[in-house]
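Coordinates as given in input19.csv (CSV, C-alpha atoms):
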chain,number,residue,atom,x,y,z
A,1,MET,CA,26.1,-20.4,4.1
A,2,ASN,CA,25.5,-22.0,0.7
A,3,SER,CA,25.6,-20.1,-2.5
A,4,CYS,CA,21.9,-20.1,-3.1
A,5,ASP,CA,21.3,-18.4,0.3
A,6,LYS,CA,24.0,-15.9,-0.7
A,7,ALA,CA,22.4,-15.3,-4.1
A,8,ALA,CA,19.0,-14.7,-2.5
A,9,THR,CA,20.5,-12.1,-0.2
A,10,ILE,CA,22.3,-10.3,-3.0
A,11,CYS,CA,19.2,-10.5,-5.1
A,12,ASP,CA,17.2,-8.7,-2.3
A,13,LYS,CA,19.9,-6.1,-2.0
A,14,ALA,CA,19.9,-5.6,-5.7
A,15,GLN,CA,16.2,-4.8,-5.5
A,16,TYR,CA,17.1,-1.7,-3.4
A,17,GLY,CA,20.2,-0.9,-5.4
A,18,GLU,CA,22.5,-1.8,-2.6
A,19,ALA,CA,24.5,-4.6,-4.2
A,20,THR,CA,28.1,-3.9,-5.1
A,21,LEU,CA,29.4,-4.6,-8.5
A,22,ILE,CA,31.3,-7.7,-7.5
A,23,GLU,CA,28.2,-9.1,-5.8
A,24,LYS,CA,26.1,-8.4,-8.9
A,25,ILE,CA,28.6,-10.3,-11.1
A,26,LYS,CA,28.6,-13.2,-8.6
A,27,LEU,CA,24.8,-13.2,-8.7
A,28,ARG,CA,24.8,-13.3,-12.5
A,29,PHE,CA,27.1,-16.3,-12.5
A,30,HIS,CA,25.0,-18.1,-10.0
A,31,LEU,CA,21.8,-17.4,-12.0
A,32,LEU,CA,23.4,-19.0,-15.0
A,33,ILE,CA,23.9,-22.3,-13.3
A,34,CYS,CA,20.9,-22.4,-10.9
A,35,LYS,CA,17.4,-22.5,-12.4
A,36,THR,CA,15.6,-22.1,-9.0
A,37,CYS,CA,17.4,-18.9,-8.1
A,38,ALA,CA,16.9,-17.6,-11.6
A,39,THR,CA,13.1,-18.0,-11.2
A,40,HIS,CA,13.2,-16.5,-7.7
A,41,SER,CA,15.2,-13.5,-9.0
A,42,GLN,CA,12.7,-13.0,-11.7
A,43,LYS,CA,9.8,-13.0,-9.3
A,44,ASN,CA,11.6,-10.8,-6.9
A,45,THR,CA,12.3,-8.2,-9.6
A,46,LYS,CA,8.6,-8.4,-10.6
A,47,LEU,CA,7.6,-7.7,-7.1
A,48,THR,CA,9.7,-4.6,-7.0
A,49,SER,CA,8.2,-3.3,-10.2
A,50,LEU,CA,4.7,-4.0,-8.9
A,51,CYS,CA,5.4,-2.1,-5.7
A,52,GLN,CA,6.6,0.8,-7.7
A,53,LYS,CA,3.7,0.7,-10.1
A,54,ALA,CA,1.1,0.5,-7.3
A,55,ASN,CA,2.4,3.8,-6.0
A,56,LEU,CA,1.9,2.8,-2.4
A,57,ARG,CA,1.5,5.4,0.3
A,58,VAL,CA,1.9,5.1,4.1
A,59,LEU,CA,1.0,7.4,6.9
A,60,SER,CA,4.2,8.7,8.5
A,61,ASP,CA,5.0,7.8,12.1
A,62,GLN,CA,4.1,11.2,13.4
A,63,GLU,CA,0.7,11.1,11.8
A,64,LYS,CA,0.1,7.6,13.2
A,65,SER,CA,1.2,8.6,16.7
A,66,LYS,CA,-1.1,11.6,16.5
A,67,ILE,CA,-4.1,9.5,15.6
A,68,LYS,CA,-3.1,7.0,18.3
A,69,GLN,CA,-3.0,9.7,20.9
A,70,GLU,CA,-6.4,11.0,20.0
A,71,LEU,CA,-7.8,7.5,20.1
A,72,GLN,CA,-6.4,7.1,23.6
A,73,ASN,CA,-8.1,10.3,24.6
A,74,LYS,CA,-11.4,9.0,23.5
A,75,LEU,CA,-11.0,5.6,25.2
B,76,MET,CA,-15.3,-20.4,14.6
B,77,THR,CA,-14.2,-18.2,17.4
B,78,ALA,CA,-15.8,-14.8,17.7
B,79,HIS,CA,-13.6,-11.9,16.7
B,80,GLN,CA,-12.7,-9.3,19.2
B,81,LEU,CA,-11.7,-5.7,18.9
B,82,ASN,CA,-8.4,-4.3,20.1
B,83,PRO,CA,-8.5,-0.6,19.5
B,84,ASN,CA,-5.0,-0.2,20.8
B,85,LEU,CA,-3.6,-2.1,17.9
B,86,TRP,CA,-5.8,-0.5,15.3
B,87,VAL,CA,-3.4,2.2,14.1
B,88,ASP,CA,-0.4,-0.1,13.8
B,89,ALA,CA,-2.3,-2.9,12.1
B,90,TYR,CA,-4.8,-1.2,9.8
B,91,ALA,CA,-3.9,2.5,9.4
B,92,ASP,CA,-1.9,2.0,6.2
B,93,TYR,CA,-4.4,-0.4,4.6
B,94,LEU,CA,-7.4,1.9,5.4
B,95,PHE,CA,-5.3,4.9,4.2
B,96,ASN,CA,-4.7,3.3,0.8
B,97,TYR,CA,-8.3,2.3,0.5
B,98,ALA,CA,-9.4,5.8,1.2
B,99,ILE,CA,-6.8,7.4,-1.0
B,100,SER,CA,-7.8,5.3,-4.0
B,101,ARG,CA,-11.3,6.7,-3.6
B,102,VAL,CA,-10.9,10.3,-2.7
B,103,SER,CA,-7.4,10.9,-4.3
B,104,ASP,CA,-6.4,13.4,-1.7
B,105,ALA,CA,-3.9,12.5,1.0
B,106,GLU,CA,-5.2,15.0,3.6
B,107,VAL,CA,-8.8,14.0,3.1
B,108,ALA,CA,-7.9,10.3,3.2
B,109,LYS,CA,-6.1,10.8,6.5
B,110,ASP,CA,-9.0,12.5,8.1
B,111,LEU,CA,-11.3,9.8,6.9
B,112,VAL,CA,-9.1,7.1,8.4
B,113,GLN,CA,-9.1,9.0,11.7
B,114,GLU,CA,-12.9,9.5,11.7
B,115,THR,CA,-13.2,5.8,10.9
B,116,PHE,CA,-11.3,4.9,14.0
B,117,PHE,CA,-13.3,7.2,16.1
B,118,ALA,CA,-16.6,5.9,14.8
B,119,GLY,CA,-15.3,2.4,15.4
B,120,LEU,CA,-14.5,3.2,18.9
B,121,LYS,CA,-17.9,4.8,19.5
B,122,SER,CA,-19.8,1.8,18.2
B,123,ALA,CA,-17.5,-0.9,19.5
B,124,LYS,CA,-20.2,-2.2,21.7
B,125,ASN,CA,-22.4,-2.9,18.6
B,126,PHE,CA,-19.6,-5.1,17.2
B,127,LYS,CA,-21.1,-8.6,17.1
B,128,GLY,CA,-17.9,-10.5,16.3
B,129,ASP,CA,-19.2,-11.9,13.0
B,130,ALA,CA,-16.6,-10.3,10.8
B,131,ALA,CA,-12.9,-9.7,11.2
B,132,GLU,CA,-11.8,-6.4,12.7
B,133,ARG,CA,-10.5,-5.2,9.4
B,134,THR,CA,-13.6,-6.0,7.4
B,135,TRP,CA,-15.6,-4.1,10.0
B,136,LEU,CA,-13.4,-1.1,9.8
B,137,ILE,CA,-13.5,-1.1,6.0
B,138,ALA,CA,-17.3,-1.1,6.2
B,139,ILE,CA,-17.2,2.0,8.4
B,140,LEU,CA,-14.7,3.7,6.1
B,141,LYS,CA,-16.9,3.0,3.1
B,142,ARG,CA,-19.7,4.9,4.8
B,143,LYS,CA,-17.3,7.7,5.6
B,144,VAL,CA,-16.3,8.0,2.0
B,145,ILE,CA,-19.9,8.2,0.9
B,146,ASP,CA,-20.6,10.9,3.5
B,147,HIS,CA,-17.6,12.8,2.3
B,148,TYR,CA,-18.9,12.9,-1.3
B,149,ARG,CA,-22.4,13.8,0.0
B,150,LYS,CA,-21.0,16.7,1.9
B,151,SER,CA,-18.9,18.0,-1.0
B,152,ASN,CA,-21.9,17.8,-3.3
B,153,SER,CA,-24.4,19.4,-1.0
B,154,THR,CA,-23.1,22.8,-1.9
B,155,LYS,CA,-25.2,23.7,-4.8
B,156,GLY,CA,-23.7,24.1,-8.2
B,157,LYS,CA,-20.5,22.2,-7.5
B,158,ALA,CA,-21.9,19.0,-8.8
B,159,GLU,CA,-22.8,20.7,-12.1
B,160,VAL,CA,-20.6,19.9,-15.0
B,161,ARG,CA,-20.0,22.9,-17.2
B,162,MET,CA,-18.8,22.4,-20.7
B,163,SER,CA,-18.4,25.2,-23.1
B,164,TYR,CA,-18.3,24.7,-26.8
B,165,SER,CA,-14.8,25.9,-27.0
B,166,ALA,CA,-12.8,26.5,-23.9
B,167,ASN,CA,-9.9,28.4,-25.5
B,168,SER,CA,-10.2,30.2,-28.7
B,169,SER,CA,-6.8,29.0,-29.9
B,170,ALA,CA,-8.1,25.5,-30.4
B,171,ASP,CA,-10.3,26.2,-33.4
B,172,GLY,CA,-12.3,23.2,-34.6
B,173,ASP,CA,-12.2,21.7,-31.2
B,174,TRP,CA,-15.5,19.9,-31.9
B,175,LEU,CA,-17.5,18.0,-29.3
B,176,GLU,CA,-16.9,14.8,-31.3
B,177,GLU,CA,-13.2,15.1,-30.6
B,178,ARG,CA,-13.8,15.3,-26.9
B,179,ILE,CA,-15.4,12.0,-26.4
B,180,ALA,CA,-13.3,9.3,-24.7
B,181,ASP,CA,-11.0,7.4,-26.9
B,182,PRO,CA,-12.5,3.9,-27.2
B,183,PHE,CA,-9.1,2.3,-27.8
B,184,SER,CA,-7.4,3.9,-24.8
B,185,THR,CA,-6.4,1.6,-22.0
B,186,GLN,CA,-5.2,4.3,-19.8
B,187,GLU,CA,-8.2,4.3,-17.5
B,188,ASN,CA,-8.0,0.6,-17.0
B,189,SER,CA,-4.4,0.8,-16.0
B,190,THR,CA,-5.0,3.4,-13.3
B,191,LEU,CA,-7.9,1.3,-12.0
B,192,GLU,CA,-5.6,-1.7,-12.1
B,193,ASN,CA,-2.9,0.1,-10.2
B,194,LYS,CA,-5.4,1.1,-7.5
B,195,GLU,CA,-6.5,-2.5,-7.1
B,196,LEU,CA,-2.9,-3.6,-7.2
B,197,GLY,CA,-2.1,-1.2,-4.4
B,198,LEU,CA,-4.9,-2.6,-2.3
B,199,ALA,CA,-3.8,-6.2,-3.0
B,200,ILE,CA,-0.3,-5.5,-2.0
B,201,GLN,CA,-1.4,-3.6,1.1
B,202,SER,CA,-3.6,-6.4,2.2
B,203,CYS,CA,-0.8,-8.9,1.7
B,204,ILE,CA,1.5,-6.7,3.8
B,205,SER,CA,-1.1,-6.5,6.6
B,206,LYS,CA,-0.9,-10.3,6.8
B,207,LEU,CA,2.8,-10.2,7.5
B,208,PRO,CA,4.1,-10.3,11.1
B,209,LEU,CA,4.2,-6.8,12.4
B,210,LYS,CA,8.0,-6.5,12.6
B,211,GLN,CA,8.5,-7.7,9.1
B,212,ALA,CA,5.8,-5.5,7.8
B,213,GLN,CA,7.4,-2.5,9.5
B,214,VAL,CA,10.8,-3.2,8.0
B,215,PHE,CA,9.4,-3.9,4.6
B,216,LYS,CA,7.3,-0.7,4.5
B,217,MET,CA,10.2,1.5,5.7
B,218,LYS,CA,12.6,0.0,3.2
B,219,THR,CA,10.3,-0.3,0.2
B,220,ILE,CA,7.7,2.5,0.5
B,221,GLN,CA,9.4,5.1,2.5
B,222,GLY,CA,12.9,4.3,1.1
B,223,VAL,CA,14.7,4.7,4.4
B,224,SER,CA,18.4,3.6,4.2
B,225,THR,CA,19.6,0.4,5.7
B,226,GLU,CA,21.7,2.1,8.3
B,227,ASP,CA,18.9,4.3,9.5
B,228,ILE,CA,16.5,1.4,9.9
B,229,CYS,CA,19.1,-0.6,11.8
B,230,ASN,CA,19.8,2.3,14.2
B,231,GLU,CA,16.1,2.9,14.7
B,232,LEU,CA,15.1,-0.6,15.4
B,233,GLY,CA,18.3,-1.8,17.0
B,234,ILE,CA,19.0,-4.7,14.7
B,235,ASN,CA,22.1,-5.5,12.6
B,236,PRO,CA,22.1,-5.4,8.7
B,237,SER,CA,22.1,-9.2,8.2
B,238,ASN,CA,19.2,-9.4,10.5
B,239,LEU,CA,17.4,-6.8,8.4
B,240,TRP,CA,18.1,-8.6,5.2
B,241,VAL,CA,16.7,-11.8,6.6
B,242,MET,CA,13.5,-10.0,7.5
B,243,ILE,CA,13.3,-8.4,4.2
B,244,HIS,CA,13.8,-11.7,2.5
B,245,ARG,CA,11.1,-13.4,4.5
B,246,ALA,CA,8.7,-10.5,3.9
B,247,ARG,CA,9.3,-10.6,0.2
B,248,THR,CA,8.9,-14.3,-0.1
B,249,SER,CA,5.6,-14.3,1.7
B,250,LEU,CA,4.5,-11.3,-0.3
B,251,MET,CA,5.3,-13.1,-3.5
B,252,SER,CA,3.3,-16.2,-2.7
B,253,CYS,CA,0.4,-14.0,-1.3
B,254,LEU,CA,0.3,-11.9,-4.5
B,255,ASN,CA,0.5,-15.1,-6.6
B,256,LYS,CA,-2.6,-16.3,-4.9
B,257,ASN,CA,-4.6,-13.0,-4.9
B,258,TRP,CA,-3.4,-11.0,-7.9
B,259,PHE,CA,-2.4,-13.2,-10.8
Can you present the structure in this file as structure tokens?
Amino acid sequence: MNSCDKAATICDKAQYGEATLIEKIKLRFHLLICKTCATHSQKNTKLTSLCQKANLRVLSDQEKSKIKQELQNKL
Amino acid sequence: MTAHQLNPNLWVDAYADYLFNYAISRVSDAEVAKDLVQETFFAGLKSAKNFKGDAAERTWLIAILKRKVIDHYRKSNSTKGKAEVRMSYSANSSADGDWLEERIADPFSTQENSTLENKELGLAIQSCISKLPLKQAQVFKMKTIQGVSTEDICNELGINPSNLWVMIHRARTSLMSCLNKNWF
């Protein structure tokens, strides 16, 4: 696995706050030397903030299966 | 162009979240929105034979949902007096000098715009998510919107963590390019 792939994975983890400190430091170093990953990381962070800003909602699985069942009954 | 077909069995998995977000941005009440989505599916089922195949399934369902939203507001307004806006000169006596002039909308406020924008943003994201492969969309929604932990998702779907991160990565990359096209 080359270091850009690794950096991308760490970057994804960091979006959910699941990267360890060492991983974060590694990522920082990589971003210093790799322009492509730096852009990607920026975009990735932007996506996270957009998702938070949009205040997305989903129906829970229970609610979905309930609707599904009632649809089945009508079929 | 091939004619579109209806698959009611897949409706809930594929469109429920998109329709739900559409509804919630218009009625701003989760319960009502849920009912509207359900009614939309029922109505779609009932009139499935009138579906001509000109539009995509989702467009057709959204068209039904729009009608349902309008019906909802008609119903809630039909009770007399509810639609009336009452505005007293001074609602609370403590606010002396609360003149009508001070109550008009602030012309420099951008707050209204930003909520509108956020609603549209939500819809844009949701429609991009609905273009993802089902599995990726499922993982992404669980992780990002519902905030389920990595372990729980892995257990529930029977995948290992590196598998999950690959899926998340693919989902995020396609979302980024989709939003690039449709939002910015």
Kindly provide, as a ChimeraX atom specification, the residues of chain A having any atom no farther than 8 Å from an atom of chain B, counting only C-alpha atoms. /A:8-9,12-13,16,43-44,47,50-51,53-59,64,67-68,71-72,74-75
Report as a ChimeraX atom specification all protein, DNA and RNA residues lying within 12 Å of A:Thr36, evaluated on all atoms listed in the file, omitting residues in the same chain fewer than 5 positions from it. /A:4-5,7-8,30-31,41-43
Output C-alpha atoms for every residue in that selection, as a short mmCIF file (atom, residue, chain, number, x, y, z; two decimals), keeping the file's coordinate frame.
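The file below, result.cif, is the result:
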data_model
loop_
_atom_site.label_atom_id
_atom_site.label_comp_id
_atom_site.auth_asym_id
_atom_site.auth_seq_id
_atom_site.Cartn_x
_atom_site.Cartn_y
_atom_site.Cartn_z
CA CYS A 4 21.90 -20.10 -3.10
CA ASP A 5 21.30 -18.40 0.30
CA ALA A 7 22.40 -15.30 -4.10
CA ALA A 8 19.00 -14.70 -2.50
CA HIS A 30 25.00 -18.10 -10.00
CA LEU A 31 21.80 -17.40 -12.00
CA SER A 41 15.20 -13.50 -9.00
CA GLN A 42 12.70 -13.00 -11.70
CA LYS A 43 9.80 -13.00 -9.30
#
Excluding same-chain residues fewer than 4 positions from B:Leu111, what lies within 12 Å of it counting all atoms listed in the file, as an NGL selection string? (:A and (67)) or (:B and (91 or 94-99 or 101-107 or 115-119 or 136-137 or 139-148))
Do you have the atom CA of B:Ser202-atom CA of A:Ala14 distance handy? 24.8 Å
Can you pull out every residue within 7 Å of B:Gln211, counting only C-alpha atoms, but drop anything in the same chain fewer than 2 positions away, and send it as a ChimeraX atom specification? /B:207-209,213-215,242-243,246
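Atom CA of B:Leu232 to atom CA of B:Tyr90 spans 20.7 Å [interatomic distance, one decimal].
Proximity to B:Leu81 was assessed for B:Asn125, B:Asn230, B:Asn257, B:Asn235 counting all atoms listed in the file; the smallest distance is recorded for B:Asn125.
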Could you jot down the atom CA of A:His40 to atom CA of A:Asn2 separation for me, Å, one decimal place?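 A separation of 15.9 Å between them.
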